[in-house]
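So this one's run_3.pdb, PDB, C-alpha atoms and all ligand atoms:
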```pdb
ATOM      1  CA  MET A 131     -39.585 -46.075 -12.233
ATOM      2  CA  ASP A 132     -38.835 -46.214  -8.521
ATOM      3  CA  LYS A 133     -39.511 -43.073  -6.607
ATOM      4  CA  LYS A 134     -36.275 -41.535  -5.391
ATOM      5  CA  LYS A 135     -35.704 -39.929  -2.022
ATOM      6  CA  LEU A 136     -34.947 -36.246  -1.571
ATOM      7  CA  THR A 137     -33.404 -34.772   1.567
ATOM      8  CA  VAL A 138     -33.886 -31.059   2.102
ATOM      9  CA  VAL A 139     -31.033 -29.805   4.285
ATOM     10  CA  VAL A 140     -31.858 -26.585   6.120
ATOM     11  CA  PRO A 141     -29.147 -24.825   8.152
ATOM     12  CA  CYS A 142     -30.806 -22.658  10.806
ATOM     13  CA  LYS A 143     -29.377 -20.111  13.116
ATOM     14  CA  ASN A 144     -31.932 -18.150  15.094
ATOM     15  CA  GLU A 145     -34.780 -18.730  12.673
ATOM     16  CA  GLU A 146     -37.667 -19.260  15.118
ATOM     17  CA  GLU A 147     -39.794 -16.585  13.441
ATOM     18  CA  VAL A 148     -39.552 -17.936   9.950
ATOM     19  CA  LEU A 149     -39.539 -21.714  10.440
ATOM     20  CA  PRO A 150     -43.323 -22.259  10.664
ATOM     21  CA  GLU A 151     -43.787 -20.255   7.479
ATOM     22  CA  PHE A 152     -40.958 -22.183   5.819
ATOM     23  CA  TYR A 153     -42.600 -25.472   6.707
ATOM     24  CA  LYS A 154     -45.956 -24.283   5.376
ATOM     25  CA  ARG A 155     -44.436 -23.339   2.019
ATOM     26  CA  ILE A 156     -42.503 -26.592   1.680
ATOM     27  CA  ARG A 157     -45.608 -28.556   2.648
ATOM     28  CA  LYS A 158     -47.610 -26.838  -0.067
ATOM     29  CA  VAL A 159     -45.043 -27.662  -2.735
ATOM     30  CA  LYS A 160     -44.843 -31.241  -1.469
ATOM     31  CA  ASP A 161     -48.589 -31.741  -1.617
ATOM     32  CA  SER A 162     -49.079 -30.085  -4.964
ATOM     33  CA  SER A 163     -46.257 -31.544  -7.043
ATOM     34  CA  LEU A 164     -43.207 -32.790  -5.191
ATOM     35  CA  ASP A 165     -44.768 -35.875  -3.612
ATOM     36  CA  ALA A 166     -45.617 -37.213  -7.054
ATOM     37  CA  LYS A 167     -41.942 -37.187  -7.989
ATOM     38  CA  VAL A 168     -40.000 -38.078  -4.824
ATOM     39  CA  TYR A 169     -40.204 -38.975  -1.155
ATOM     40  CA  ALA A 170     -39.083 -35.732   0.407
ATOM     41  CA  GLY A 171     -37.781 -35.377   3.945
ATOM     42  CA  ILE A 172     -36.393 -32.356   5.763
ATOM     43  CA  LEU A 173     -33.185 -32.346   7.781
ATOM     44  CA  PHE A 174     -32.851 -29.238   9.923
ATOM     45  CA  ILE A 175     -29.401 -28.346  11.218
ATOM     46  CA  ASP A 176     -29.687 -26.126  14.254
ATOM     47  CA  ASP A 177     -26.416 -24.232  14.173
ATOM     48  CA  GLY A 178     -26.162 -23.161  17.805
ATOM     49  CA  SER A 179     -29.281 -21.007  17.823
ATOM     50  CA  THR A 180     -29.767 -18.916  20.931
ATOM     51  CA  ASP A 181     -33.511 -18.471  20.448
ATOM     52  CA  GLN A 182     -36.334 -21.027  20.337
ATOM     53  CA  THR A 183     -35.331 -22.459  16.951
ATOM     54  CA  LEU A 184     -34.647 -25.947  18.312
ATOM     55  CA  ARG A 185     -37.963 -26.044  20.166
ATOM     56  CA  VAL A 186     -39.816 -25.028  16.993
ATOM     57  CA  ILE A 187     -37.980 -27.712  15.006
ATOM     58  CA  LYS A 188     -38.837 -30.341  17.617
ATOM     59  CA  GLU A 189     -42.497 -29.363  17.450
ATOM     60  CA  LEU A 190     -42.473 -29.710  13.679
ATOM     61  CA  ALA A 191     -40.666 -33.047  13.935
ATOM     62  CA  ALA A 192     -43.191 -34.356  16.442
ATOM     63  CA  ALA A 193     -46.020 -33.708  14.005
ATOM     64  CA  ASP A 194     -44.316 -34.955  10.836
ATOM     65  CA  ASP A 195     -42.071 -38.005  10.817
ATOM     66  CA  SER A 196     -40.333 -37.028   7.590
ATOM     67  CA  ILE A 197     -38.614 -34.278   9.602
ATOM     68  CA  HIS A 198     -35.256 -34.879  11.240
ATOM     69  CA  TYR A 199     -32.841 -32.582  12.967
ATOM     70  CA  ILE A 200     -29.305 -32.254  14.228
ATOM     71  CA  SER A 201     -28.447 -29.669  16.829
ATOM     72  CA  PHE A 202     -24.868 -28.415  17.220
ATOM     73  CA  SER A 203     -23.203 -27.825  20.561
ATOM     74  CA  ARG A 204     -22.538 -24.218  19.534
ATOM     75  CA  ASN A 205     -22.536 -22.065  16.415
ATOM     76  CA  PHE A 206     -20.139 -23.598  13.891
ATOM     77  CA  GLY A 207     -21.167 -21.563  10.856
ATOM     78  CA  LYS A 208     -23.261 -22.295   7.802
ATOM     79  CA  GLU A 209     -20.485 -24.164   6.000
ATOM     80  CA  ALA A 210     -20.198 -26.616   8.878
ATOM     81  CA  ALA A 211     -23.978 -26.972   8.942
ATOM     82  CA  ILE A 212     -23.990 -27.788   5.235
ATOM     83  CA  TYR A 213     -21.264 -30.380   5.743
ATOM     84  CA  ALA A 214     -23.174 -32.001   8.598
ATOM     85  CA  GLY A 215     -26.332 -32.011   6.487
ATOM     86  CA  LEU A 216     -24.623 -33.662   3.522
ATOM     87  CA  SER A 217     -22.965 -36.239   5.786
ATOM     88  CA  HIS A 218     -26.251 -37.291   7.358
ATOM     89  CA  ALA A 219     -28.616 -36.937   4.410
ATOM     90  CA  ASP A 220     -29.767 -40.337   3.169
ATOM     91  CA  GLY A 221     -31.606 -39.158   0.060
ATOM     92  CA  ASP A 222     -30.698 -40.000  -3.527
ATOM     93  CA  TYR A 223     -30.897 -36.276  -4.058
ATOM     94  CA  VAL A 224     -29.938 -33.619  -1.538
ATOM     95  CA  VAL A 225     -30.850 -29.964  -1.691
ATOM     96  CA  ILE A 226     -29.540 -27.207   0.563
ATOM     97  CA  MET A 227     -32.033 -24.487   1.417
ATOM     98  CA  ASP A 228     -31.966 -21.424   3.621
ATOM     99  CA  ALA A 229     -34.668 -21.270   6.259
ATOM    100  CA  ASP A 230     -35.523 -17.652   5.478
ATOM    101  CA  LEU A 231     -37.443 -18.440   2.251
ATOM    102  CA  GLN A 232     -34.934 -16.587   0.095
ATOM    103  CA  ASP A 233     -34.699 -19.868  -1.754
ATOM    104  CA  PRO A 234     -38.142 -20.445  -3.287
ATOM    105  CA  PRO A 235     -39.314 -24.022  -2.544
ATOM    106  CA  GLU A 236     -41.410 -23.757  -5.713
ATOM    107  CA  MET A 237     -38.205 -24.367  -7.682
ATOM    108  CA  LEU A 238     -37.731 -27.838  -6.194
ATOM    109  CA  PRO A 239     -39.837 -29.795  -8.731
ATOM    110  CA  GLU A 240     -37.978 -28.176 -11.623
ATOM    111  CA  MET A 241     -34.641 -29.032 -10.015
ATOM    112  CA  ILE A 242     -35.716 -32.649  -9.553
ATOM    113  CA  ASP A 243     -36.623 -32.829 -13.244
ATOM    114  CA  VAL A 244     -33.173 -31.623 -14.241
ATOM    115  CA  LEU A 245     -31.440 -34.260 -12.116
ATOM    116  CA  GLU A 246     -33.822 -37.020 -13.202
ATOM    117  CA  SER A 247     -33.224 -36.263 -16.846
ATOM    118  CA  GLY A 248     -29.489 -36.680 -16.289
ATOM    119  CA  GLU A 249     -28.851 -33.284 -17.817
ATOM    120  CA  ALA A 250     -26.775 -32.277 -14.802
ATOM    121  CA  ASP A 251     -25.415 -33.758 -11.570
ATOM    122  CA  LEU A 252     -25.807 -30.506  -9.719
ATOM    123  CA  VAL A 253     -28.515 -27.981 -10.312
ATOM    124  CA  GLY A 254     -28.055 -24.660  -8.604
ATOM    125  CA  SER A 255     -29.718 -21.324  -8.512
ATOM    126  CA  ARG A 256     -28.236 -18.032  -9.523
ATOM    127  CA  ARG A 257     -29.499 -14.631  -8.583
ATOM    128  CA  VAL A 258     -29.545 -12.389 -11.598
ATOM    129  CA  THR A 259     -30.420  -9.309  -9.583
ATOM    130  CA  ARG A 260     -29.442  -8.274  -6.116
ATOM    131  CA  LYS A 261     -32.579  -6.249  -5.633
ATOM    132  CA  GLY A 262     -33.243  -5.182  -2.056
ATOM    133  CA  GLU A 263     -29.634  -5.521  -1.025
ATOM    134  CA  PRO A 264     -27.568  -2.542   0.138
ATOM    135  CA  ALA A 265     -25.784  -1.069  -2.922
ATOM    136  CA  ILE A 266     -22.373  -1.168  -1.299
ATOM    137  CA  ARG A 267     -22.795  -4.849  -0.509
ATOM    138  CA  SER A 268     -23.672  -5.686  -4.120
ATOM    139  CA  LEU A 269     -20.718  -3.656  -5.354
ATOM    140  CA  PHE A 270     -18.245  -5.491  -3.147
ATOM    141  CA  ALA A 271     -19.821  -8.824  -4.007
ATOM    142  CA  ARG A 272     -19.385  -8.106  -7.741
ATOM    143  CA  LEU A 273     -15.767  -7.031  -7.201
ATOM    144  CA  PHE A 274     -15.094 -10.147  -5.177
ATOM    145  CA  TYR A 275     -16.305 -12.479  -7.926
ATOM    146  CA  LYS A 276     -14.269 -10.622 -10.545
ATOM    147  CA  LEU A 277     -11.104 -10.796  -8.453
ATOM    148  CA  MET A 278     -11.649 -14.364  -7.372
ATOM    149  CA  ASN A 279     -12.051 -15.609 -10.922
ATOM    150  CA  LYS A 280      -8.904 -13.760 -11.963
ATOM    151  CA  ILE A 281      -6.654 -15.144  -9.283
ATOM    152  CA  SER A 282      -8.050 -18.612  -8.789
ATOM    153  CA  GLU A 283      -8.157 -21.507 -11.216
ATOM    154  CA  THR A 284     -11.393 -22.668  -9.652
ATOM    155  CA  GLU A 285     -14.426 -21.142 -11.249
ATOM    156  CA  VAL A 286     -16.674 -19.260  -8.857
ATOM    157  CA  VAL A 287     -20.069 -18.455 -10.377
ATOM    158  CA  ASP A 288     -21.263 -14.898  -9.699
ATOM    159  CA  GLY A 289     -24.527 -14.841  -7.806
ATOM    160  CA  ALA A 290     -24.588 -18.600  -7.281
ATOM    161  CA  ARG A 291     -26.477 -19.415  -4.107
ATOM    162  CA  ASP A 292     -25.984 -22.306  -1.757
ATOM    163  CA  PHE A 293     -29.466 -23.343  -2.906
ATOM    164  CA  GLN A 294     -28.294 -26.347  -4.890
ATOM    165  CA  MET A 295     -29.637 -29.804  -5.492
ATOM    166  CA  MET A 296     -27.237 -32.632  -6.192
ATOM    167  CA  ASN A 297     -27.167 -36.341  -6.741
ATOM    168  CA  LYS A 298     -25.228 -38.857  -4.657
ATOM    169  CA  LYS A 299     -22.131 -38.603  -6.822
ATOM    170  CA  VAL A 300     -21.759 -34.900  -6.104
ATOM    171  CA  VAL A 301     -22.562 -35.287  -2.396
ATOM    172  CA  LYS A 302     -19.790 -37.854  -2.145
ATOM    173  CA  ALA A 303     -17.381 -35.585  -3.992
ATOM    174  CA  ILE A 304     -18.135 -32.634  -1.727
ATOM    175  CA  LEU A 305     -17.773 -34.738   1.412
ATOM    176  CA  SER A 306     -14.448 -36.046   0.166
ATOM    177  CA  MET A 307     -13.135 -32.490   0.386
ATOM    178  CA  GLY A 308     -12.588 -32.648   4.096
ATOM    179  CA  GLU A 309     -10.926 -29.289   4.593
ATOM    180  CA  TYR A 310     -11.648 -27.337   7.733
ATOM    181  CA  ASN A 311     -11.771 -23.957   6.037
ATOM    182  CA  ARG A 312     -14.743 -24.525   3.828
ATOM    183  CA  PHE A 313     -15.725 -22.189   1.058
ATOM    184  CA  SER A 314     -18.555 -23.944  -0.695
ATOM    185  CA  LYS A 315     -18.691 -21.725  -3.762
ATOM    186  CA  GLY A 316     -15.093 -22.757  -4.440
ATOM    187  CA  ILE A 317     -15.723 -26.371  -3.552
ATOM    188  CA  THR A 318     -18.595 -26.713  -6.054
ATOM    189  CA  GLY A 319     -16.369 -25.176  -8.709
ATOM    190  CA  TRP A 320     -13.431 -27.413  -7.883
ATOM    191  CA  ILE A 321     -15.251 -30.761  -8.035
ATOM    192  CA  GLY A 322     -16.359 -30.382 -11.644
ATOM    193  CA  TYR A 323     -19.321 -32.535 -12.811
ATOM    194  CA  LYS A 324     -22.148 -31.330 -14.999
ATOM    195  CA  LYS A 325     -23.876 -28.291 -13.587
ATOM    196  CA  LYS A 326     -26.879 -26.277 -14.494
ATOM    197  CA  TRP A 327     -27.807 -22.883 -13.069
ATOM    198  CA  LEU A 328     -31.408 -21.775 -12.909
ATOM    199  CA  GLU A 329     -31.784 -18.044 -12.754
ATOM    200  CA  TYR A 330     -34.162 -16.177 -10.523
ATOM    201  CA  GLU A 331     -34.779 -12.747  -9.059
ATOM    202  CA  ASN A 332     -33.514 -11.979  -5.596
ATOM    203  CA  VAL A 333     -36.099 -12.576  -2.890
ATOM    204  CA  GLN A 334     -36.001 -10.768   0.417
ATOM    205  CA  ARG A 335     -35.872 -12.563   3.736
ATOM    206  CA  ALA A 336     -39.380 -13.495   4.941
ATOM    207  CA  ALA A 337     -38.671 -12.584   8.568
ATOM    208  CA  GLY A 338     -35.848 -12.373  11.061
ATOM    209  CA  GLU A 339     -32.518 -10.814  10.248
ATOM    210  CA  THR A 340     -29.499 -11.783   8.226
ATOM    211  CA  SER A 341     -26.783 -13.023  10.531
ATOM    212  CA  TRP A 342     -24.042 -11.682   8.252
ATOM    213  CA  SER A 343     -22.588  -8.304   8.990
ATOM    214  CA  PHE A 344     -20.699  -6.459   6.270
ATOM    215  CA  TRP A 345     -17.348  -7.252   7.885
ATOM    216  CA  GLN A 346     -18.217 -10.906   8.303
ATOM    217  CA  LEU A 347     -18.801 -10.993   4.556
ATOM    218  CA  VAL A 348     -15.435  -9.320   3.942
ATOM    219  CA  PHE A 349     -13.643 -11.918   6.045
ATOM    220  CA  TYR A 350     -15.629 -14.677   4.367
ATOM    221  CA  ALA A 351     -14.421 -13.352   1.008
ATOM    222  CA  LEU A 352     -10.821 -13.303   2.240
ATOM    223  CA  GLU A 353     -11.214 -16.861   3.454
ATOM    224  CA  GLY A 354     -12.465 -17.829   0.023
ATOM    225  CA  ILE A 355      -9.456 -16.248  -1.608
ATOM    226  CA  THR A 356      -6.929 -17.968   0.647
ATOM    227  CA  ALA A 357      -8.706 -21.301   0.353
ATOM    228  CA  PHE A 358      -8.719 -21.350  -3.420
ATOM    229  CA  SER A 359      -5.807 -19.178  -4.446
ATOM    230  CA  THR A 360      -2.215 -18.701  -3.390
ATOM    231  CA  VAL A 361      -1.908 -15.494  -5.382
ATOM    232  CA  PRO A 362      -1.720 -13.158  -2.339
ATOM    233  CA  LEU A 363       1.374 -14.979  -1.167
ATOM    234  CA  VAL A 364       2.798 -14.902  -4.642
ATOM    235  CA  ILE A 365       2.273 -11.139  -4.631
ATOM    236  CA  SER A 366       4.349 -10.836  -1.481
ATOM    237  CA  SER A 367       7.076 -12.865  -3.130
ATOM    238  CA  VAL A 368       6.916 -10.679  -6.218
ATOM    239  CA  ILE A 369       7.233  -7.520  -4.132
ATOM    240  CA  GLY A 370      10.257  -9.005  -2.405
ATOM    241  CA  LEU A 371      11.802  -9.868  -5.744
ATOM    242  CA  THR A 372      11.120  -6.377  -7.115
ATOM    243  CA  PHE A 373      12.889  -4.877  -4.124
ATOM    244  CA  CYS A 374      15.891  -7.082  -4.746
ATOM    245  CA  VAL A 375      16.088  -6.069  -8.395
ATOM    246  CA  LEU A 376      15.683  -2.382  -7.534
ATOM    247  CA  ALA A 377      18.402  -2.625  -4.911
ATOM    248  CA  PHE A 378      20.677  -4.373  -7.363
ATOM    249  CA  PHE A 379      20.447  -1.554  -9.904
ATOM    250  CA  ALA A 380      20.748   1.059  -7.153
ATOM    251  CA  ILE A 381      23.964  -0.543  -5.977
ATOM    252  CA  ILE A 382      25.435  -0.502  -9.497
ATOM    253  CA  PHE A 383      24.330   3.099  -9.925
ATOM    254  CA  ILE A 384      25.964   4.165  -6.657
ATOM    255  CA  ILE A 385      29.194   2.333  -7.432
ATOM    256  CA  VAL A 386      29.459   3.811 -10.915
ATOM    257  CA  ARG A 387      28.608   7.291  -9.700
ATOM    258  CA  THR A 388      31.161   7.113  -6.917
ATOM    259  CA  LEU A 389      33.844   5.867  -9.319
ATOM    260  CA  ILE A 390      33.189   8.619 -11.864
ATOM    261  CA  PHE A 391      32.241  11.599  -9.708
ATOM    262  CA  GLY A 392      33.609  10.682  -6.308
ATOM    263  CA  ASP A 393      31.291  10.654  -3.284
ATOM    264  CA  PRO A 394      30.939  13.772  -1.141
ATOM    265  CA  THR A 395      28.491  12.262   1.376
ATOM    266  CA  SER A 396      29.811   8.815   1.766
ATOM    267  CA  GLY A 397      27.949   6.087   3.571
ATOM    268  CA  TRP A 398      24.180   6.703   3.439
ATOM    269  CA  PRO A 399      23.343   5.661  -0.135
ATOM    270  CA  SER A 400      25.123   2.357   0.189
ATOM    271  CA  MET A 401      23.423   1.826   3.539
ATOM    272  CA  ALA A 402      20.009   2.515   2.002
ATOM    273  CA  CYS A 403      20.748  -0.002  -0.737
ATOM    274  CA  ILE A 404      21.800  -2.661   1.706
ATOM    275  CA  ILE A 405      18.690  -2.177   3.838
ATOM    276  CA  MET A 406      16.507  -2.409   0.735
ATOM    277  CA  LEU A 407      18.230  -5.517  -0.490
ATOM    278  CA  VAL A 408      18.130  -7.285   2.810
ATOM    279  CA  SER A 409      14.498  -6.447   3.541
ATOM    280  CA  GLY A 410      13.595  -7.475   0.015
ATOM    281  CA  VAL A 411      15.229 -10.835   0.447
ATOM    282  CA  GLN A 412      13.449 -11.235   3.767
ATOM    283  CA  LEU A 413      10.020 -10.476   2.294
ATOM    284  CA  LEU A 414      10.692 -12.918  -0.508
ATOM    285  CA  GLY A 415      11.636 -15.612   1.978
ATOM    286  CA  ILE A 416       8.675 -14.998   4.243
ATOM    287  CA  GLY A 417       6.362 -14.982   1.253
ATOM    288  CA  ILE A 418       7.486 -18.385   0.080
ATOM    289  CA  LEU A 419       7.464 -19.838   3.564
ATOM    290  CA  GLY A 420       4.023 -18.386   4.202
ATOM    291  CA  GLN A 421       2.628 -20.181   1.166
ATOM    292  CA  TYR A 422       3.294 -23.508   2.759
ATOM    293  CA  LEU A 423       2.629 -22.539   6.343
ATOM    294  CA  ALA A 424      -0.737 -20.851   5.868
ATOM    295  CA  LYS A 425      -2.055 -23.872   3.995
ATOM    296  CA  THR A 426      -0.940 -26.442   6.499
ATOM    297  CA  TYR A 427      -1.434 -24.737   9.861
ATOM    298  CA  LEU A 428      -5.210 -24.758  10.116
ATOM    299  CA  GLU A 429      -5.674 -28.059   8.371
ATOM    300  CA  THR A 430      -3.164 -30.030  10.429
ATOM    301  CA  LYS A 431      -5.103 -29.326  13.588
ATOM    302  CA  ASN A 432      -7.649 -31.670  12.059
ATOM    303  CA  ARG A 433     -10.424 -30.523  14.333
ATOM    304  CA  PRO A 434     -13.971 -31.742  13.827
ATOM    305  CA  LYS A 435     -15.977 -29.362  11.680
ATOM    306  CA  TYR A 436     -18.911 -29.502  14.099
ATOM    307  CA  LEU A 437     -20.053 -31.217  17.282
ATOM    308  CA  ILE A 438     -23.546 -32.617  17.698
ATOM    309  CA  ASP A 439     -25.460 -31.946  20.875
ATOM    310  CA  GLU A 440     -28.669 -33.771  20.050
ATOM    311  CA  SER A 441     -30.469 -35.238  17.080
ATOM    312  CA  ASN A 442     -33.375 -37.531  16.187
ATOM    313  CA  LEU A 443     -31.646 -39.379  13.366
TER     314      LEU A 443
HETATM  315  N1  LIG A 501     -26.942 -19.844   9.053
HETATM  316  C1  LIG A 501     -26.368 -20.864   9.794
HETATM  317  N2  LIG A 501     -25.281 -20.591  10.567
HETATM  318  C2  LIG A 501     -24.724 -19.336  10.654
HETATM  319  C3  LIG A 501     -25.314 -18.315   9.876
HETATM  320  C4  LIG A 501     -26.411 -18.608   9.079
HETATM  321  O1  LIG A 501     -26.806 -22.001   9.749
HETATM  322  O2  LIG A 501     -23.760 -19.153  11.384
HETATM  323  C5  LIG A 501     -28.132 -20.140   8.214
HETATM  324  C6  LIG A 501     -29.317 -19.221   8.411
HETATM  325  O3  LIG A 501     -30.138 -19.667   9.449
HETATM  326  C7  LIG A 501     -30.006 -19.289   7.067
HETATM  327  C8  LIG A 501     -28.852 -19.481   6.094
HETATM  328  O4  LIG A 501     -27.756 -19.970   6.878
HETATM  329  O5  LIG A 501     -30.882 -20.384   6.954
HETATM  330  C9  LIG A 501     -28.482 -18.198   5.386
HETATM  331  O6  LIG A 501     -28.254 -17.187   6.331
HETATM  332  P1  LIG A 501     -28.660 -15.670   6.078
HETATM  333  O7  LIG A 501     -30.059 -15.598   5.556
HETATM  334  O8  LIG A 501     -28.359 -14.956   7.346
HETATM  335  O9  LIG A 501     -27.625 -15.264   4.975
HETATM  336  P2  LIG A 501     -27.916 -14.506   3.588
HETATM  337  O10 LIG A 501     -29.168 -15.095   3.003
HETATM  338  O11 LIG A 501     -28.073 -13.085   3.959
HETATM  339  O12 LIG A 501     -26.705 -14.798   2.767
HETATM  340 MG    MG A 502     -30.883 -15.227   3.799
END
```
As structure tokens:
Amino acid sequence: MDKKKLTVVVPCKNEEEVLPEFYKRIRKVKDSSLDAKVYAGILFIDDGSTDQTLRVIKELAAADDSIHYISFSRNFGKEAAIYAGLSHADGDYVVIMDADLQDPPEMLPEMIDVLESGEADLVGSRRVTRKGEPAIRSLFARLFYKLMNKISETEVVDGARDFQMMNKKVVKAILSMGEYNRFSKGITGWIGYKKKWLEYENVQRAAGETSWSFWQLVFYALEGITAFSTVPLVISSVIGLTFCVLAFFAIIFIIVRTLIFGDPTSGWPSMACIIMLVSGVQLLGIGILGQYLAKTYLETKNRPKYLIDESNL
């Protein structure tokens, strides 16, 4: 059987400390078992690092010609880096790995075996514990997955990492989803195909710091919800509708009461009803309009997802 090619895509933002260690670990796995199965190359995506990350990558690339890199003109975010990596990867298989060694390279041979056997088109990794993570972060993450799976038809796997290896079919499918607001956990769910999740224990960052603050994660979660569910807008419509119904019964109640008992303080109840009805109708209208507008606004700008400053491809 012909040896296939594997491209390891590594998004890096300010990872100068950890990159040499990352390379050492990958190298070890390559020498011990990976090289027997595939030709493996690394594609680093420097996502607008402000430290010496690019210099470190260039040094590695100078010493090893299976290493390539793309450097962005500024920070475009990990999702953009993943997209760029998938677009430029030329391997039969592509795997996305964090630079911080939270994704154990030792799992690569096993992932290759799964794809080779045809058991799955995408083999991902799933953290079964969130050991070493702040408790509040884990709690919100759990809640997010619960909520997301309730309100979206796309399945989002709890604890699934971006550490996923896929064949060409899946790469093509992911690239065909050209949306600007990318939420890869939703995208992998949406495309379908056969998937297999390997479970592993959470590993702490080898060095450096996570570039995600708590609030960044919250906004990321909100982005995920709006990208793969229109339920929030539906909720606003439902509230508007409820107001209308309430106002309707209030109006009937006021009319009947006035007819039977007369109305000593005339004016204010009917005014309250009218305000409620009108504002309800408005909310309903805005809710429906918003459903269309929110979806189209960002996408119609059709901006590039990233801009390349330099590369050795
Ligand atoms: N990353 C990136 N662009 C960003 C933020 C992060 O390319 O804007 C990279 C980062 O260098 C790392 C990976 O994405 O290789 C995961 O980032 P991090 O470890 O900070 O996230 P966590 O593991 O805490 O989810
Ligand atoms: Mg990390």
Resolved residues for the PyMOL selection byres (((not hetatm)) within 9 of (chain A and resi 501)) as a PyMOL selection string: chain A and resi 140-145+175-179+205-212+227-233+291-292+334-335+338-343+347
Keeping only C-alpha atoms, write the selected residues as a PDB file, in the frame of the given file.
```pdb
ATOM      1  CA  VAL A 140     -31.858 -26.585   6.120  1.00  0.00           C
ATOM      2  CA  PRO A 141     -29.147 -24.825   8.152  1.00  0.00           C
ATOM      3  CA  CYS A 142     -30.806 -22.658  10.806  1.00  0.00           C
ATOM      4  CA  LYS A 143     -29.377 -20.111  13.116  1.00  0.00           C
ATOM      5  CA  ASN A 144     -31.932 -18.150  15.094  1.00  0.00           C
ATOM      6  CA  GLU A 145     -34.780 -18.730  12.673  1.00  0.00           C
ATOM      7  CA  ILE A 175     -29.401 -28.346  11.218  1.00  0.00           C
ATOM      8  CA  ASP A 176     -29.687 -26.126  14.254  1.00  0.00           C
ATOM      9  CA  ASP A 177     -26.416 -24.232  14.173  1.00  0.00           C
ATOM     10  CA  GLY A 178     -26.162 -23.161  17.805  1.00  0.00           C
ATOM     11  CA  SER A 179     -29.281 -21.007  17.823  1.00  0.00           C
ATOM     12  CA  ASN A 205     -22.536 -22.065  16.415  1.00  0.00           C
ATOM     13  CA  PHE A 206     -20.139 -23.598  13.891  1.00  0.00           C
ATOM     14  CA  GLY A 207     -21.167 -21.563  10.856  1.00  0.00           C
ATOM     15  CA  LYS A 208     -23.261 -22.295   7.802  1.00  0.00           C
ATOM     16  CA  GLU A 209     -20.485 -24.164   6.000  1.00  0.00           C
ATOM     17  CA  ALA A 210     -20.198 -26.616   8.878  1.00  0.00           C
ATOM     18  CA  ALA A 211     -23.978 -26.972   8.942  1.00  0.00           C
ATOM     19  CA  ILE A 212     -23.990 -27.788   5.235  1.00  0.00           C
ATOM     20  CA  MET A 227     -32.033 -24.487   1.417  1.00  0.00           C
ATOM     21  CA  ASP A 228     -31.966 -21.424   3.621  1.00  0.00           C
ATOM     22  CA  ALA A 229     -34.668 -21.270   6.259  1.00  0.00           C
ATOM     23  CA  ASP A 230     -35.523 -17.652   5.478  1.00  0.00           C
ATOM     24  CA  LEU A 231     -37.443 -18.440   2.251  1.00  0.00           C
ATOM     25  CA  GLN A 232     -34.934 -16.587   0.095  1.00  0.00           C
ATOM     26  CA  ASP A 233     -34.699 -19.868  -1.754  1.00  0.00           C
ATOM     27  CA  ARG A 291     -26.477 -19.415  -4.107  1.00  0.00           C
ATOM     28  CA  ASP A 292     -25.984 -22.306  -1.757  1.00  0.00           C
ATOM     29  CA  GLN A 334     -36.001 -10.768   0.417  1.00  0.00           C
ATOM     30  CA  ARG A 335     -35.872 -12.563   3.736  1.00  0.00           C
ATOM     31  CA  GLY A 338     -35.848 -12.373  11.061  1.00  0.00           C
ATOM     32  CA  GLU A 339     -32.518 -10.814  10.248  1.00  0.00           C
ATOM     33  CA  THR A 340     -29.499 -11.783   8.226  1.00  0.00           C
ATOM     34  CA  SER A 341     -26.783 -13.023  10.531  1.00  0.00           C
ATOM     35  CA  TRP A 342     -24.042 -11.682   8.252  1.00  0.00           C
ATOM     36  CA  SER A 343     -22.588  -8.304   8.990  1.00  0.00           C
ATOM     37  CA  LEU A 347     -18.801 -10.993   4.556  1.00  0.00           C
TER      38      LEU A 347
END
```
Counting only C-alpha atoms, which residues come within 9 Å of (-35.9, -30.1, 16.8), with the point read in the file's coordinates, and could you list them as a PyMOL selection string? chain A and resi 174-176+183-192+197-201+440-442
Here's the selection I'm unsure about, the PyMOL selection byres (((chain A and resi 234-244) around 8) and not hetatm); applied to the file above, which residues does it give, as an MDAnalysis selection string? chainID A and resid 155:156 159 163:164 167 231:233 245:250 253 295
Find the residues around region 408-413 of chain A up to 7 Å (all atoms listed in the file counted), leave out those fewer than 3 positions away in its own chain, and share them as a PDB file with C-alpha atoms, keeping the file's coordinate frame.
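The result, stored in around.pdb:
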```pdb
ATOM      1  CA  SER A 366       4.349 -10.836  -1.481  1.00  0.00           C
ATOM      2  CA  SER A 367       7.076 -12.865  -3.130  1.00  0.00           C
ATOM      3  CA  GLY A 370      10.257  -9.005  -2.405  1.00  0.00           C
ATOM      4  CA  LEU A 371      11.802  -9.868  -5.744  1.00  0.00           C
ATOM      5  CA  PHE A 373      12.889  -4.877  -4.124  1.00  0.00           C
ATOM      6  CA  CYS A 374      15.891  -7.082  -4.746  1.00  0.00           C
ATOM      7  CA  ILE A 404      21.800  -2.661   1.706  1.00  0.00           C
ATOM      8  CA  ILE A 405      18.690  -2.177   3.838  1.00  0.00           C
ATOM      9  CA  ILE A 416       8.675 -14.998   4.243  1.00  0.00           C
ATOM     10  CA  GLY A 417       6.362 -14.982   1.253  1.00  0.00           C
TER      11      GLY A 417
END
```
Determine the nearest neighbour of Phe270 (chain A) from the options A:Pro434, A:Tyr153, A:Ala351, A:Asp439, counting only C-alpha atoms. A:Ala351
Need the shell around Gly354 (chain A): protein/DNA/RNA residues with any atom at most 12 Å away, counting all atoms listed in the file. Skip same-chain ones fewer than 2 positions apart. Format as a ChimeraX atom specification? /A:209,274-275,277-279,281-282,284-286,311-317,347-352,356-360,362
Residue nearest Tyr436 (chain A) - candidates A:Phe391, A:Tyr213, A:Phe378, A:Phe152, atoms counted: all atoms listed in the file: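 Among the listed residues, the smallest separation from Tyr436 (chain A) belongs to A:Tyr213.
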